[in-house]
Amino acid sequence: MAPRETVDVTIDDGPLLTLLSQAPEKHQTSRAAHPVEPQTSKRTNSFAKPAISPDAEIDHLAGREITNYHESRSFYVIAPADAADRIWEHEADLPGNTLVAAIRHFMMNGERTLLLVRDGDLKAFVVKEEALKRHARPARDQEIQNSDFAKTFALTRERVIDRIRDDITAQPALSFVLTVDLCQSRRTWDQDLFDRLLALSDLLGRPLDVGIAITGKWALRHKHNFGALKRWSAQGKLNITWINHSMNHPLRPDRFGNYHFLTDKEVDLRNDVLSLEVLLLENGITPSIWFRFPGLVYDRRVLRELNDLSLLALDANVWLANAARITDGAVVLVHGNGNERAGLRKLFRELDKHQGKLLAAETEILPARAALPIGRSDAPLLLSQILFR
Ligand SMILES: [Zn+2]
């Protein structure tokens, strides 16, 4: 793939991260949209090093330097002979004959590295490119065509996903996905929300599934809370799906006072999305294929751009602050950033109401993957619907 031009990421107080898809010495200087404060301008020179101190105990992958980050879409099949081997640096669960899509290429601490997505549940893994090449072969066209990955991205080219798949909601239990948005905010987060989720994990005897839609601006402003989320995830107290909610969560009103979020023509969606992935990776977190549009605002253009990045837009059909209750198959949205107590009050009430059934598995809180629109039985596709070639 031809290298793209260098892009810069800005936050309120100036350029923060520079994403490179070519050699660092070639990168341009900032083209920040906002004036640069003198005390923060030095950060333009320190590429991709957000000021978050890694916790050595839990961040076995942290302290990583990510450079030359760019998207791709290439397919491999893991060799059957390696099924039983632990060939993957971080115990990626990639048994033999698994089809994988490499959706990102980058340098991690100087080594060529891939973000792989496993076919089926579309879970992501970080793997050294050298290890993959040693233990996998390129996928054949037919294998690609028949993959759930390909079918999913063909189906979601111009649409969002906002509810759990029908074959799952057909079960007798009430099922829903719980997502918590952490948009940028100066306010203290809602500690009682997270206490409540942790307590529910304890009661269930397993980590509760929760989607955390995180923005870079929030993570950088609330490092301590971000650290707590990482710790709960690493310690198996919460089963977090890290949903990309963009680096900057653009909030710039037009002259009529309307907010366009990522559909603002001035916003570089690719940059805003990929730089959040870099921030997560540098913090030892593997990004997922899920994305939540800021403000739940999107149009055809940004949906296509997101699809080209091999990400899926997880919308919400029950924004609890504006809804009466949780319904079967819902993707539920609350905010945990101190900005929406009304939604949390309803969530606590709903959790009280359903607690008995949750413990009896008659109500289930499911991971985001329950909303994947594709099952195994769907018809094959044309390659032209999958590959950009
Ligand atoms: Zn938001």
# chains A, B, ... in the order shown; residues from 1 in each chain; ligands from 1

call {"tool": "residues_near_ligand", "arguments": {"ligand": "ligand 1", "cutoff": "9 Å", "atoms": "only C-alpha atoms and all ligand atoms", "output": "ChimeraX atom specification"}}
result
/A:181-184,213-215,245-246,249,292-296,335

call {"tool": "closest_atom_pairs", "arguments": {"of": "range 111-175 of chain A", "to": "range 283-291 of chain A", "cutoff": "12 Å", "atoms": "only C-alpha atoms", "output": "Markdown table"}}
result
| residue | atom | partner | partner_atom | distance |
| --- | --- | --- | --- | --- |
| A:Leu114 | CA | A:Thr286 | CA | 11.1 |
| A:Leu115 | CA | A:Thr286 | CA | 8.2 |
| A:Leu116 | CA | A:Ser288 | CA | 10.0 |
| A:Val117 | CA | A:Ile289 | CA | 8.0 |
| A:Arg118 | CA | A:Ile289 | CA | 10.6 |
| A:Asp119 | CA | A:Ile289 | CA | 11.8 |
| A:Asp121 | CA | A:Ile289 | CA | 10.2 |
| A:Leu122 | CA | A:Ile289 | CA | 7.2 |
| A:Lys123 | CA | A:Ser288 | CA | 6.7 |
| A:Ala124 | CA | A:Ser288 | CA | 5.8 |
| A:Phe125 | CA | A:Thr286 | CA | 6.6 |
| A:Val126 | CA | A:Thr286 | CA | 6.8 |
| A:Val127 | CA | A:Thr286 | CA | 10.6 |
| A:Phe149 | CA | A:Ile289 | CA | 10.7 |
| A:Thr152 | CA | A:Ile289 | CA | 11.4 |
| A:Phe153 | CA | A:Ile289 | CA | 10.8 |
| A:Val160 | CA | A:Phe291 | CA | 9.7 |
| A:Ile161 | CA | A:Trp290 | CA | 9.9 |
| A:Asp162 | CA | A:Phe291 | CA | 11.7 |

call {"tool": "select_by_dssp", "arguments": {"residues": "range 161-316 of chain A", "states": "helix (DSSP H, G or I)", "output": "PyMOL selection string"}}
result
chain A and resi 166-169+191-204+216-221+223-234+261-263+269-282+294-296+300-308

call {"tool": "atom_distance", "arguments": {"atom1": "CA of Glu158 in chain A", "atom2": "CA of Val100 in chain A"}}
result
23.2 Å

call {"tool": "atom_distance", "arguments": {"atom1": "CA of Glu282 in chain A", "atom2": "CA of Leu238 in chain A"}}
result
20.5 Å

call {"tool": "closest_residue", "arguments": {"among": "A:Phe194, A:Trp189, A:Phe176, A:Tyr259", "to": "Glu350 in chain A", "atoms": "only C-alpha atoms"}}
result
A:Phe176

call {"tool": "decode", "arguments": {"residues": "range 148-178 of chain A", "atoms": "N, CA and C atoms", "output": "PDB file, in the first residue's frame"}}
result
ATOM      1  N   ASP A 148     -16.741 -14.621   7.812  1.00  0.00           N
ATOM      2  CA  ASP A 148     -17.672 -13.735   8.504  1.00  0.00           C
ATOM      3  C   ASP A 148     -17.161 -12.297   8.469  1.00  0.00           C
ATOM      4  N   PHE A 149     -15.846 -12.157   8.522  1.00  0.00           N
ATOM      5  CA  PHE A 149     -15.247 -10.821   8.453  1.00  0.00           C
ATOM      6  C   PHE A 149     -15.731 -10.105   7.192  1.00  0.00           C
ATOM      7  N   ALA A 150     -15.558 -10.784   6.046  1.00  0.00           N
ATOM      8  CA  ALA A 150     -15.909 -10.157   4.773  1.00  0.00           C
ATOM      9  C   ALA A 150     -17.396  -9.864   4.688  1.00  0.00           C
ATOM     10  N   LYS A 151     -18.193 -10.817   5.126  1.00  0.00           N
ATOM     11  CA  LYS A 151     -19.649 -10.621   5.047  1.00  0.00           C
ATOM     12  C   LYS A 151     -20.090  -9.475   5.946  1.00  0.00           C
ATOM     13  N   THR A 152     -19.488  -9.418   7.117  1.00  0.00           N
ATOM     14  CA  THR A 152     -19.857  -8.357   8.065  1.00  0.00           C
ATOM     15  C   THR A 152     -19.552  -6.983   7.480  1.00  0.00           C
ATOM     16  N   PHE A 153     -18.357  -6.841   6.907  1.00  0.00           N
ATOM     17  CA  PHE A 153     -17.997  -5.511   6.407  1.00  0.00           C
ATOM     18  C   PHE A 153     -18.716  -5.154   5.109  1.00  0.00           C
ATOM     19  N   ALA A 154     -19.125  -6.161   4.345  1.00  0.00           N
ATOM     20  CA  ALA A 154     -19.947  -5.864   3.170  1.00  0.00           C
ATOM     21  C   ALA A 154     -21.329  -5.376   3.610  1.00  0.00           C
ATOM     22  N   LEU A 155     -21.839  -5.993   4.662  1.00  0.00           N
ATOM     23  CA  LEU A 155     -23.192  -5.656   5.119  1.00  0.00           C
ATOM     24  C   LEU A 155     -23.249  -4.302   5.826  1.00  0.00           C
ATOM     25  N   THR A 156     -22.152  -3.906   6.459  1.00  0.00           N
ATOM     26  CA  THR A 156     -22.173  -2.684   7.272  1.00  0.00           C
ATOM     27  C   THR A 156     -21.515  -1.506   6.568  1.00  0.00           C
ATOM     28  N   ARG A 157     -21.402  -1.606   5.253  1.00  0.00           N
ATOM     29  CA  ARG A 157     -20.728  -0.538   4.513  1.00  0.00           C
ATOM     30  C   ARG A 157     -21.346   0.830   4.796  1.00  0.00           C
ATOM     31  N   GLU A 158     -22.669   0.870   4.851  1.00  0.00           N
ATOM     32  CA  GLU A 158     -23.342   2.159   5.072  1.00  0.00           C
ATOM     33  C   GLU A 158     -24.364   2.073   6.192  1.00  0.00           C
ATOM     34  N   ARG A 159     -24.042   1.286   7.195  1.00  0.00           N
ATOM     35  CA  ARG A 159     -25.011   1.203   8.303  1.00  0.00           C
ATOM     36  C   ARG A 159     -24.319   1.000   9.636  1.00  0.00           C
ATOM     37  N   VAL A 160     -25.046   1.364  10.679  1.00  0.00           N
ATOM     38  CA  VAL A 160     -24.559   1.134  12.030  1.00  0.00           C
ATOM     39  C   VAL A 160     -25.239  -0.116  12.586  1.00  0.00           C
ATOM     40  N   ILE A 161     -24.733  -0.570  13.697  1.00  0.00           N
ATOM     41  CA  ILE A 161     -25.295  -1.737  14.381  1.00  0.00           C
ATOM     42  C   ILE A 161     -25.837  -1.247  15.717  1.00  0.00           C
ATOM     43  N   ASP A 162     -27.116  -1.521  15.988  1.00  0.00           N
ATOM     44  CA  ASP A 162     -27.667  -0.969  17.222  1.00  0.00           C
ATOM     45  C   ASP A 162     -28.498  -1.955  18.020  1.00  0.00           C
ATOM     46  N   ARG A 163     -28.378  -3.237  17.694  1.00  0.00           N
ATOM     47  CA  ARG A 163     -29.086  -4.202  18.542  1.00  0.00           C
ATOM     48  C   ARG A 163     -28.438  -5.579  18.408  1.00  0.00           C
ATOM     49  N   ILE A 164     -28.792  -6.440  19.317  1.00  0.00           N
ATOM     50  CA  ILE A 164     -28.235  -7.795  19.341  1.00  0.00           C
ATOM     51  C   ILE A 164     -28.871  -8.625  18.221  1.00  0.00           C
ATOM     52  N   ARG A 165     -28.099  -9.557  17.700  1.00  0.00           N
ATOM     53  CA  ARG A 165     -28.581 -10.391  16.588  1.00  0.00           C
ATOM     54  C   ARG A 165     -29.825 -11.205  16.974  1.00  0.00           C
ATOM     55  N   ASP A 166     -30.701 -11.402  16.004  1.00  0.00           N
ATOM     56  CA  ASP A 166     -31.995 -12.046  16.266  1.00  0.00           C
ATOM     57  C   ASP A 166     -31.875 -13.456  16.852  1.00  0.00           C
ATOM     58  N   ASP A 167     -30.879 -14.226  16.382  1.00  0.00           N
ATOM     59  CA  ASP A 167     -30.811 -15.597  16.890  1.00  0.00           C
ATOM     60  C   ASP A 167     -30.444 -15.624  18.370  1.00  0.00           C
ATOM     61  N   ILE A 168     -29.843 -14.545  18.864  1.00  0.00           N
ATOM     62  CA  ILE A 168     -29.525 -14.479  20.295  1.00  0.00           C
ATOM     63  C   ILE A 168     -30.739 -13.997  21.085  1.00  0.00           C
ATOM     64  N   THR A 169     -31.446 -13.003  20.542  1.00  0.00           N
ATOM     65  CA  THR A 169     -32.617 -12.496  21.278  1.00  0.00           C
ATOM     66  C   THR A 169     -33.775 -13.493  21.246  1.00  0.00           C
ATOM     67  N   ALA A 170     -33.679 -14.495  20.369  1.00  0.00           N
ATOM     68  CA  ALA A 170     -34.730 -15.523  20.339  1.00  0.00           C
ATOM     69  C   ALA A 170     -34.679 -16.406  21.590  1.00  0.00           C
ATOM     70  N   GLN A 171     -33.555 -16.355  22.307  1.00  0.00           N
ATOM     71  CA  GLN A 171     -33.460 -17.122  23.557  1.00  0.00           C
ATOM     72  C   GLN A 171     -34.449 -16.535  24.566  1.00  0.00           C
ATOM     73  N   PRO A 172     -34.866 -17.354  25.532  1.00  0.00           N
ATOM     74  CA  PRO A 172     -35.852 -16.844  26.491  1.00  0.00           C
ATOM     75  C   PRO A 172     -35.348 -15.694  27.353  1.00  0.00           C
ATOM     76  N   ALA A 173     -34.034 -15.630  27.580  1.00  0.00           N
ATOM     77  CA  ALA A 173     -33.534 -14.594  28.482  1.00  0.00           C
ATOM     78  C   ALA A 173     -33.634 -13.211  27.849  1.00  0.00           C
ATOM     79  N   LEU A 174     -33.800 -12.203  28.707  1.00  0.00           N
ATOM     80  CA  LEU A 174     -33.650 -10.814  28.267  1.00  0.00           C
ATOM     81  C   LEU A 174     -32.155 -10.563  28.109  1.00  0.00           C
ATOM     82  N   SER A 175     -31.746 -10.088  26.923  1.00  0.00           N
ATOM     83  CA  SER A 175     -30.321  -9.880  26.669  1.00  0.00           C
ATOM     84  C   SER A 175     -30.087  -8.441  26.250  1.00  0.00           C
ATOM     85  N   PHE A 176     -29.013  -7.885  26.756  1.00  0.00           N
ATOM     86  CA  PHE A 176     -28.634  -6.553  26.266  1.00  0.00           C
ATOM     87  C   PHE A 176     -27.131  -6.360  26.401  1.00  0.00           C
ATOM     88  N   VAL A 177     -26.633  -5.398  25.636  1.00  0.00           N
ATOM     89  CA  VAL A 177     -25.231  -4.997  25.703  1.00  0.00           C
ATOM     90  C   VAL A 177     -25.191  -3.670  26.450  1.00  0.00           C
ATOM     91  N   LEU A 178     -24.286  -3.561  27.416  1.00  0.00           N
ATOM     92  CA  LEU A 178     -24.148  -2.319  28.182  1.00  0.00           C
ATOM     93  C   LEU A 178     -22.899  -1.578  27.712  1.00  0.00           C
TER      94      LEU A 178
END
